[in-house]
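Asks: Provided herewith: coords06.txt, compact mmCIF, C-alpha atoms.
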```
# COMPACT_ATOMS: atom_id res chain seq x y z
CA MET G 1 0.00 0.00 0.00
CA LEU G 2 1.27 3.42 -0.89
CA PHE G 3 2.14 5.46 2.18
CA LEU G 4 0.18 8.68 2.06
CA PRO G 5 0.84 11.51 4.50
CA LEU G 6 -1.92 11.74 7.09
CA ALA G 7 -3.25 14.96 5.60
CA LYS G 8 -4.05 13.33 2.30
CA ARG G 9 -5.46 10.20 3.92
CA THR G 10 -7.92 11.89 6.18
CA HIS G 11 -9.09 14.54 3.74
CA GLY G 12 -9.25 12.60 0.47
CA GLY G 13 -12.07 10.19 -0.23
CA SER G 14 -15.56 11.48 -0.83
CA ARG G 15 -17.14 9.37 1.93
CA MET G 16 -14.75 10.83 4.51
CA ILE G 17 -15.51 14.34 3.29
CA ASP G 18 -19.24 13.68 3.48
CA ILE G 19 -19.00 12.44 7.09
CA GLN G 20 -16.85 15.38 8.18
CA THR G 21 -19.22 17.85 6.55
CA LYS G 22 -22.24 16.16 8.12
CA MET G 23 -20.67 16.32 11.56
CA THR G 24 -19.86 20.00 11.06
CA GLU G 25 -23.44 20.65 10.04
CA ARG G 26 -24.70 18.86 13.15
CA ALA G 27 -22.22 20.68 15.40
CA LEU G 28 -23.31 24.06 14.04
CA GLU G 29 -26.92 23.03 14.54
CA LEU G 30 -26.20 22.19 18.18
CA LEU G 31 -24.36 25.50 18.59
CA CYS G 32 -27.75 27.25 18.30
CA LEU G 33 -26.33 30.52 17.01
CA PRO G 34 -28.76 33.43 16.67
CA GLU G 35 -30.40 33.39 13.25
CA ASN G 36 -29.24 35.63 10.44
CA GLN G 37 -26.26 36.91 12.38
CA PRO G 38 -22.70 36.44 11.13
CA CYS G 39 -20.63 35.11 14.03
CA TYR G 40 -16.95 34.74 14.86
CA LEU G 41 -16.17 31.11 15.66
CA LEU G 42 -13.25 29.02 16.81
CA ASP G 43 -12.56 25.68 15.08
CA ILE G 44 -10.42 23.42 17.24
CA GLY G 45 -8.44 20.84 15.27
CA CYS G 46 -9.49 22.51 12.01
CA GLY G 47 -7.23 20.24 9.95
CA SER G 48 -7.38 20.95 6.23
CA GLY G 49 -10.34 23.29 6.64
CA LEU G 50 -13.24 21.00 5.71
CA SER G 51 -15.28 22.12 8.69
CA GLY G 52 -14.14 25.70 8.19
CA ASP G 53 -15.47 25.72 4.65
CA TYR G 54 -18.86 24.72 5.95
CA ILE G 55 -18.73 27.48 8.57
CA SER G 56 -17.90 30.00 5.82
CA ASP G 57 -20.74 28.71 3.67
CA GLU G 58 -23.08 29.40 6.55
CA GLY G 59 -21.98 33.03 6.53
CA HIS G 60 -19.76 32.98 9.62
CA TYR G 61 -16.13 33.90 10.13
CA TRP G 62 -13.66 31.64 11.90
CA VAL G 63 -10.20 31.01 13.22
CA GLY G 64 -8.85 27.46 13.12
CA ILE G 65 -6.20 25.91 15.32
CA ASP G 66 -4.35 22.70 14.45
CA ILE G 67 -1.19 21.02 15.67
CA SER G 68 -0.28 19.54 12.27
CA THR G 69 1.69 21.62 9.76
CA ALA G 70 0.82 19.08 7.06
CA MET G 71 -2.91 19.56 7.63
CA LEU G 72 -2.56 23.35 7.73
CA ASP G 73 -0.55 23.30 4.51
CA ALA G 74 -3.39 21.35 2.93
CA ALA G 75 -5.79 24.01 4.22
CA LEU G 76 -3.66 26.72 2.59
CA ASP G 77 -3.77 24.85 -0.70
CA ARG G 78 -7.54 24.71 -0.42
CA ASP G 79 -7.60 28.45 0.11
CA THR G 80 -9.85 28.46 3.17
CA GLU G 81 -11.34 31.74 4.32
CA GLY G 82 -10.63 31.47 8.02
CA ASP G 83 -7.36 32.39 9.64
CA LEU G 84 -5.20 29.47 10.66
CA LEU G 85 -2.98 29.01 13.70
CA LEU G 86 -0.37 26.35 14.38
CA GLY G 87 -1.00 25.45 18.00
CA ASP G 88 -1.59 22.77 20.63
CA MET G 89 -5.02 23.04 22.28
CA GLY G 90 -3.59 21.36 25.41
CA GLN G 91 -1.38 24.43 25.93
CA GLY G 92 -4.35 26.77 26.05
CA ILE G 93 -6.16 28.96 23.55
CA PRO G 94 -4.13 32.16 23.01
CA PHE G 95 -6.91 34.73 22.72
CA ARG G 96 -8.37 37.59 24.74
CA PRO G 97 -11.39 36.85 26.94
CA GLY G 98 -14.71 37.01 25.11
CA SER G 99 -13.22 36.77 21.62
CA PHE G 100 -15.53 34.12 20.14
CA ASP G 101 -19.29 33.75 19.68
CA GLY G 102 -18.93 29.97 19.68
CA CYS G 103 -16.59 27.06 19.17
CA ILE G 104 -16.80 23.77 17.29
CA SER G 105 -14.45 20.86 17.03
CA ILE G 106 -14.66 17.83 14.78
CA SER G 107 -12.91 14.62 15.83
CA ALA G 108 -10.08 16.32 17.74
CA VAL G 109 -10.62 16.65 21.48
CA GLN G 110 -10.07 12.97 22.32
CA TRP G 111 -6.41 13.46 21.30
CA LEU G 112 -5.92 15.37 24.57
CA CYS G 113 -6.31 12.03 26.34
CA ASN G 114 -3.17 10.68 24.67
CA ALA G 115 0.09 11.35 26.46
CA ASN G 116 2.45 11.99 23.57
CA LYS G 117 5.39 12.71 25.85
CA LYS G 118 6.13 11.30 29.29
CA SER G 119 5.60 14.77 30.71
CA ASP G 120 2.02 15.02 29.36
CA ILE G 121 -0.71 14.51 31.93
CA PRO G 122 -4.05 14.22 30.09
CA ALA G 123 -6.13 15.68 32.92
CA LYS G 124 -3.89 18.75 33.08
CA ARG G 125 -3.96 19.27 29.33
CA LEU G 126 -7.72 18.82 29.27
CA TYR G 127 -8.15 21.33 32.07
CA ARG G 128 -5.81 23.80 30.39
CA PHE G 129 -7.80 23.47 27.18
CA PHE G 130 -11.24 23.79 28.78
CA SER G 131 -10.38 26.62 31.16
CA SER G 132 -8.83 28.72 28.41
CA LEU G 133 -11.70 27.88 26.05
CA TYR G 134 -14.15 29.04 28.71
CA ALA G 135 -12.33 32.35 28.96
CA VAL G 136 -12.16 33.10 25.23
CA LEU G 137 -15.88 32.52 24.68
CA VAL G 138 -18.36 35.36 24.96
CA ARG G 139 -20.41 34.88 28.14
CA GLY G 140 -23.31 32.55 27.33
CA ALA G 141 -21.67 31.17 24.20
CA ARG G 142 -21.43 27.46 23.47
CA ALA G 143 -18.83 24.99 22.42
CA VAL G 144 -19.85 21.85 20.54
CA LEU G 145 -17.10 19.27 20.36
CA GLN G 146 -17.63 16.13 18.31
CA LEU G 147 -15.29 13.46 19.57
CA TYR G 148 -14.52 9.74 19.57
CA PRO G 149 -14.11 8.69 23.22
CA GLU G 150 -12.30 5.39 23.56
CA ASN G 151 -14.53 4.30 26.45
CA SER G 152 -16.82 5.72 29.11
CA GLU G 153 -13.89 6.37 31.48
CA GLN G 154 -12.28 8.61 28.89
CA LEU G 155 -15.55 10.45 28.29
CA GLU G 156 -15.92 10.94 32.04
CA LEU G 157 -12.35 12.27 32.31
CA ILE G 158 -13.15 14.78 29.58
CA THR G 159 -16.49 15.93 31.02
CA THR G 160 -15.02 16.21 34.53
CA GLN G 161 -12.33 18.62 33.35
CA ALA G 162 -14.88 20.61 31.36
CA THR G 163 -17.05 20.94 34.48
CA ARG G 164 -14.04 21.99 36.58
CA ALA G 165 -13.37 24.71 34.05
CA GLY G 166 -16.83 26.17 34.62
CA PHE G 167 -18.87 24.70 31.78
CA THR G 168 -22.32 23.18 32.12
CA GLY G 169 -23.90 20.97 29.48
CA GLY G 170 -23.62 17.34 28.53
CA VAL G 171 -23.10 14.76 25.85
CA VAL G 172 -25.54 14.39 22.98
CA VAL G 173 -25.36 10.94 21.37
CA ASP G 174 -26.68 10.54 17.83
CA PHE G 175 -27.70 7.08 16.61
CA PRO G 176 -26.71 5.32 19.84
CA ASN G 177 -27.72 1.91 18.46
CA SER G 178 -25.66 2.03 15.27
CA ALA G 179 -22.02 0.99 15.62
CA LYS G 180 -21.20 2.79 12.38
CA ALA G 181 -23.26 5.97 12.74
CA LYS G 182 -22.99 6.59 16.50
CA LYS G 183 -21.57 10.04 17.21
CA PHE G 184 -20.78 11.90 20.42
CA TYR G 185 -21.12 15.67 20.73
CA LEU G 186 -19.94 17.30 23.92
CA CYS G 187 -22.18 20.38 24.22
CA LEU G 188 -20.81 22.95 26.63
CA PHE G 189 -22.46 26.16 27.81
CA SER G 190 -20.47 28.99 29.28
CA GLY G 191 -23.51 30.74 30.69
CA PRO G 192 -26.45 29.52 32.77
CA SER G 193 -27.61 25.98 32.04
CA THR G 194 -30.05 25.47 29.21
CA PHE G 195 -31.71 22.34 27.94
CA LEU G 196 -29.65 19.70 26.19
CA PRO G 197 -30.96 18.69 22.74
CA LYS G 198 -31.96 15.08 22.17
CA GLY G 199 -29.65 12.85 20.18
CA LEU G 200 -30.77 11.71 16.75
CA THR G 201 -32.05 8.19 16.21
CA GLU G 202 -32.50 6.05 13.12
CA SER G 203 -36.20 6.78 12.85
CA GLN G 204 -35.55 10.51 12.52
CA ASP G 205 -33.00 10.37 9.73
CA ALA G 206 -34.52 9.59 6.34
CA HIS G 207 -31.15 8.81 4.76
CA GLN G 208 -30.33 5.94 7.10
CA ALA G 209 -31.14 2.53 5.62
CA THR G 210 -31.98 0.42 8.65
CA GLU G 211 -33.43 -2.98 9.25
CA SER G 212 -34.61 -2.24 12.77
CA THR G 213 -36.51 0.88 13.68
CA PHE G 214 -36.43 0.90 17.46
CA THR G 215 -36.22 4.33 19.02
CA ASN G 216 -34.47 3.30 22.18
CA GLU G 217 -32.69 6.62 22.79
CA ARG G 218 -30.50 6.74 25.83
CA ALA G 219 -31.25 9.68 28.12
CA PRO G 220 -28.79 12.51 27.41
CA HIS G 221 -25.69 12.16 29.53
CA LYS G 222 -25.99 15.26 31.67
CA MET G 223 -22.91 16.32 33.51
CA ALA G 224 -23.28 16.41 37.27
CA ARG G 225 -24.20 19.96 38.18
CA ARG G 226 -21.67 21.81 40.22
CA GLY G 227 -22.90 22.43 43.71
CA LEU G 228 -24.60 19.02 43.97
CA MET G 229 -24.25 18.33 47.67
CA LYS G 230 -22.09 15.29 48.27
CA LYS G 231 -24.07 12.36 49.70
CA SER G 232 -27.43 14.08 49.15
CA ARG G 233 -30.23 12.02 47.60
CA GLU G 234 -29.68 13.80 44.26
CA TRP G 235 -25.98 12.99 44.40
CA VAL G 236 -26.72 9.31 45.08
CA LEU G 237 -29.27 9.13 42.23
CA GLU G 238 -26.85 10.84 39.83
CA LYS G 239 -24.04 8.47 40.83
CA LYS G 240 -26.28 5.42 40.29
CA ALA G 241 -27.44 6.76 36.91
CA ARG G 242 -23.83 7.31 35.88
CA ARG G 243 -22.90 3.77 36.80
CA ARG G 244 -25.87 2.45 34.81
CA ARG G 245 -24.71 4.45 31.79
CA GLN G 246 -21.33 2.82 32.22
CA GLY G 247 -23.07 -0.53 32.00
CA LYS G 248 -22.49 -1.52 35.62
CA GLU G 249 -24.99 -3.46 37.67
CA VAL G 250 -26.89 -1.08 39.96
CA ARG G 251 -29.69 -1.75 42.45
CA PRO G 252 -33.00 -0.23 41.30
CA ASP G 253 -33.93 3.18 42.73
CA THR G 254 -36.66 3.07 45.34
CA GLN G 255 -38.24 5.48 47.79
CA TYR G 256 -35.48 4.44 50.24
CA THR G 257 -32.60 5.39 47.92
CA GLY G 258 -30.41 7.99 49.58
CA ARG G 259 -32.80 8.38 52.48
CA LYS G 260 -31.60 10.07 55.66
CA ARG G 261 -30.12 7.49 57.98
CA LYS G 262 -30.23 7.64 61.78
CA PRO G 263 -27.08 9.20 63.21
CA ARG G 264 -24.73 6.50 64.48
CA PHE G 265 -23.40 8.51 67.36
CA MET V 266 -3.10 36.44 9.53
CA LYS V 267 -5.76 39.15 9.43
CA LEU V 268 -5.52 42.19 11.66
CA LEU V 269 -8.79 41.19 13.33
CA THR V 270 -7.12 37.97 14.46
CA HIS V 271 -4.03 39.87 15.58
CA ASN V 272 -6.21 42.19 17.63
CA LEU V 273 -7.67 39.24 19.55
CA LEU V 274 -4.51 37.11 19.89
CA SER V 275 -2.85 37.11 23.29
CA SER V 276 0.30 35.40 24.49
CA HIS V 277 -0.31 32.25 26.57
CA VAL V 278 3.27 31.93 27.82
CA ARG V 279 3.39 30.74 31.44
CA GLY V 280 3.01 33.49 34.01
CA VAL V 281 2.05 36.20 31.52
CA GLY V 282 -1.73 36.29 32.07
CA THR V 283 -3.42 39.47 30.84
CA ARG V 284 -0.07 41.14 30.16
CA GLY V 285 0.34 39.04 27.02
CA PHE V 286 -1.59 41.54 24.91
CA PRO V 287 -1.10 43.11 22.46
CA LEU V 288 1.45 41.04 20.58
CA ARG V 289 3.96 43.35 18.94
CA LEU V 290 3.64 42.90 15.18
CA GLN V 291 6.50 42.99 12.73
CA ALA V 292 5.83 42.06 9.07
CA THR V 293 8.13 41.41 6.14
CA GLU V 294 5.39 40.38 3.71
CA VAL V 295 1.82 41.61 3.59
CA ARG V 296 -0.90 40.89 1.03
CA ILE V 297 -4.23 42.58 0.42
CA ASN V 298 -7.06 40.05 -0.06
CA PRO V 299 -10.42 41.24 -1.34
CA VAL V 300 -13.11 39.97 1.04
CA GLU V 301 -16.84 40.43 0.57
CA PHE V 302 -18.09 43.33 2.68
CA ASN V 303 -20.52 42.31 5.43
CA PRO V 304 -21.56 45.45 7.36
CA ASP V 305 -23.38 43.41 10.06
CA PHE V 306 -20.27 41.45 10.89
CA VAL V 307 -17.97 44.47 10.93
CA ALA V 308 -20.41 46.41 13.12
CA ARG V 309 -20.61 43.50 15.58
CA MET V 310 -16.84 43.15 15.81
CA ILE V 311 -16.06 46.88 16.31
CA PRO V 312 -16.95 46.83 20.05
CA LYS V 313 -14.53 43.89 20.53
CA VAL V 314 -11.61 45.67 18.94
CA GLU V 315 -8.87 47.08 21.19
CA TRP V 316 -8.47 50.31 19.34
CA ALA V 317 -4.98 51.34 20.49
CA ALA V 318 -3.59 47.93 19.52
CA LEU V 319 -5.23 48.14 16.10
CA ALA V 320 -3.88 51.65 15.51
CA GLU V 321 -0.41 50.45 16.46
CA ALA V 322 -0.62 47.46 14.08
CA VAL V 323 -1.83 49.73 11.26
CA ASP V 324 1.13 52.00 11.96
CA CYS V 325 3.58 49.04 12.01
CA LEU V 326 2.38 47.99 8.57
CA ASN V 327 2.53 51.53 7.16
CA LEU V 328 -1.15 51.47 6.26
CA ALA V 329 -3.36 54.54 6.01
CA ALA V 330 -4.22 55.68 9.55
CA ILE V 331 -7.60 54.73 11.02
CA PRO V 332 -9.85 57.10 13.01
CA LYS V 333 -8.72 57.58 16.65
CA GLU V 334 -11.79 55.67 17.87
CA PRO V 335 -15.12 54.34 16.57
CA ILE V 336 -17.28 57.30 15.62
CA GLU V 337 -20.71 57.83 17.14
CA GLY V 338 -23.37 55.84 15.26
CA PHE V 339 -20.72 53.76 13.47
CA GLU V 340 -23.24 50.92 12.99
CA HIS V 341 -24.89 52.91 10.21
CA ASP V 342 -21.86 54.67 8.75
CA GLU V 343 -21.02 52.68 5.63
CA THR V 344 -17.86 54.64 4.84
CA PHE V 345 -16.48 53.96 8.30
CA LEU V 346 -17.51 50.30 8.22
CA ARG V 347 -15.94 49.78 4.78
CA LYS V 348 -12.71 51.34 6.00
CA MET V 349 -12.66 49.06 9.06
CA HIS V 350 -13.64 46.05 6.94
CA HIS V 351 -10.58 46.65 4.79
CA VAL V 352 -8.21 47.03 7.74
CA LEU V 353 -9.58 44.13 9.80
CA LEU V 354 -10.31 41.54 7.12
CA GLU V 355 -8.45 42.39 3.91
CA VAL V 356 -4.93 43.01 5.19
CA ASP V 357 -3.14 39.67 5.46
CA VAL V 358 0.27 39.35 7.14
CA LEU V 359 2.07 36.50 5.38
CA GLU V 360 5.56 36.64 6.91
CA GLY V 361 6.69 38.26 10.11
CA THR V 362 6.74 37.87 13.87
CA LEU V 363 4.54 38.43 16.90
CA GLN V 364 6.24 39.32 20.16
CA CYS V 365 4.85 38.75 23.63
CA PRO V 366 5.08 42.17 25.37
CA GLU V 367 5.68 40.61 28.78
CA SER V 368 8.07 37.71 28.12
CA GLY V 369 9.62 38.91 24.87
CA ARG V 370 8.95 35.53 23.31
CA LEU V 371 8.74 35.61 19.50
CA PHE V 372 6.08 33.72 17.56
CA PRO V 373 6.96 33.45 13.87
CA ILE V 374 4.37 33.93 11.11
CA SER V 375 4.91 31.83 8.01
CA ARG V 376 2.61 31.62 4.96
CA GLY V 377 0.11 33.64 6.96
CA ILE V 378 0.06 31.16 9.85
CA PRO V 379 1.36 32.19 13.29
CA ASN V 380 3.22 29.40 15.09
CA MET V 381 1.92 29.52 18.66
CA LEU V 382 3.46 26.22 19.83
CA LEU V 383 5.12 26.53 23.24
CA SER V 384 7.84 24.44 24.85
CA ASP V 385 7.03 22.49 28.04
CA ASP V 386 8.76 25.14 30.18
CA GLU V 387 6.68 27.89 28.65
CA THR V 388 3.32 26.18 29.16
CA GLU V 389 1.11 27.12 32.09
CA THR V 390 0.58 24.18 34.45
```
In structure tokens, what does this structure look like?
Replies:
Amino acid sequence: MLFLPLAKRTHGGSRMIDIQTKMTERALELLCLPENQPCYLLDIGCGSGLSGDYISDEGHYWVGIDISTAMLDAALDRDTEGDLLLGDMGQGIPFRPGSFDGCISISAVQWLCNANKKSDIPAKRLYRFFSSLYAVLVRGARAVLQLYPENSEQLELITTQATRAGFTGGVVVDFPNSAKAKKFYLCLFSGPSTFLPKGLTESQDAHQATESTFTNERAPHKMARRGLMKKSREWVLEKKARRRRQGKEVRPDTQYTGRKRKPRF
Amino acid sequence: MKLLTHNLLSSHVRGVGTRGFPLRLQATEVRINPVEFNPDFVARMIPKVEWAALAEAVDCLNLAAIPKEPIEGFEHDETFLRKMHHVLLEVDVLEGTLQCPESGRLFPISRGIPNMLLSDDETET
């Protein structure tokens, strides 16, 4: 097999382009930007500018950050409209507070969980990324990050650091029952909490050819709210729900769950 | 790199905090790119612009001077908005450097792309 540089491999191929564009479309949809208003957006892991092109087509302006010179060179060749930066999101986002009306990311954030050097600590890099992202967003703006978490522990590591950085929100899962089509979007709000959109299912998407049509959507994975009192009934219920989502065996919730116990002393 | 981007960029070198702005601009190659004029976008971005930093960048690049500050009722002044559109979105720095005002650290710009990669020692923990 001919060795192709990563830039060519991940951009070329019409099916790959179609998936990337679709995910960008969905991410922008989840961003819920005000209608008919040109916005200034940040594209994390912009690569060769596929997602950026879609953002431009929607009438917005953008800045893209990527760690790969090869990918950015490909973006230059494609003559993208957004400005490009060579940078590592795990080192922080080098912008003034309140610079961006929103942020999207397609298939990039999970890379923060890889320790490329011995000195890399994923949790630190994640926190550095999320805390600086929080700062550079206009108050009340959103970030929608499509990612491929390796497992539920990794997803939890990511959402924990996002919460620590001040974000509220949760994970929207599209097509949870399709191994091929399943997609995770981490939807983060930098202002007061708003509702989390429902993930898409097979029955909603006309283009999906499916044999089964069950609509067994999983409840949206809401991040534990900050300020949830430790050991309170709500905390216990949230912890049990989280363990169920992780596929662990959990006793059913009853009226006695998390009830006040008699003091032992 | 457009001047709008330059006006929002801030150094993230360890320990620098808010003193990492504005990055001192030095350019050896600049290009003018025609960009479609969108008055709504320009009007929305004007309040975000740090005017002194923009004026300094314009001066560094030997461009025609901009007004000292946004004029009253700028949202409806097409002449003003077109002028700002040109400065913010059509001036493209292709080669040059950005310098952190606090640490002195230089970030090179090549083919219009600033290299903001830091070493481990320079990264905030």
Asks: With all atoms listed in the file as the atoms that count, which of V:Glu360, V:Glu315, V:Glu337, V:Asp324 lies nearest to chain G?
Replies: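 Using all atoms listed in the file, the shortest distance to chain G belongs to V:Glu315.
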Asks: Kindly give the distance, in Å, that separates atom CA of G:Asn36 and atom CA of G:Gly59, rounded to a single decimal.
Replies: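 Between atom CA of G:Asn36 and atom CA of G:Gly59 the gap is 8.6 Å.
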Asks: Please determine the contact residues of chain G with respect to chain V at a cut-off of 6 Å, counting all atoms listed in the file, and supply them as a list in words.
Replies: Pro38, Asp83, Leu84, Leu85, Leu86, Gly87, Gln91, Pro94, Phe95 and Arg96 of chain G
Asks: If the box runs along x, y and z of the file and leaves 6 Å on each side of stretch 347-353 of chain V, what are its centre and edge lengths in Å, one decimal, as AutoDock Vina command-line options?
Replies:
```
--center_x -12.1 --center_y 47.7 --center_z 7.3 --size_x 19.7 --size_y 19.2 --size_z 17.0
```
Asks: Check the smallest atom-to-atom distance from each of G:Phe167, G:Tyr61, G:Tyr256, G:Tyr134 to G:Phe189 using only C-alpha atoms, then report the winner.
Replies: G:Phe167
Asks: Which distance in Å separates atom CA of G:Tyr127 and atom CA of G:Ala108, to one decimal?
Replies: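 Atom-to-atom, atom CA of G:Tyr127 and atom CA of G:Ala108 are spaced 15.3 Å apart.
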Asks: Hey, can you check how far atom CA of G:Ser152 sits from atom CA of G:Pro197?
Replies: 20.2 Å
Asks: Please identify all polymer residues lying at most 8 Å from the point (1.3, 43.3, 18.3) (file coordinates), using all atoms listed in the file, and present the result as a ChimeraX atom specification.
Replies: /V:271-272,286-291,318,321-322,363-365
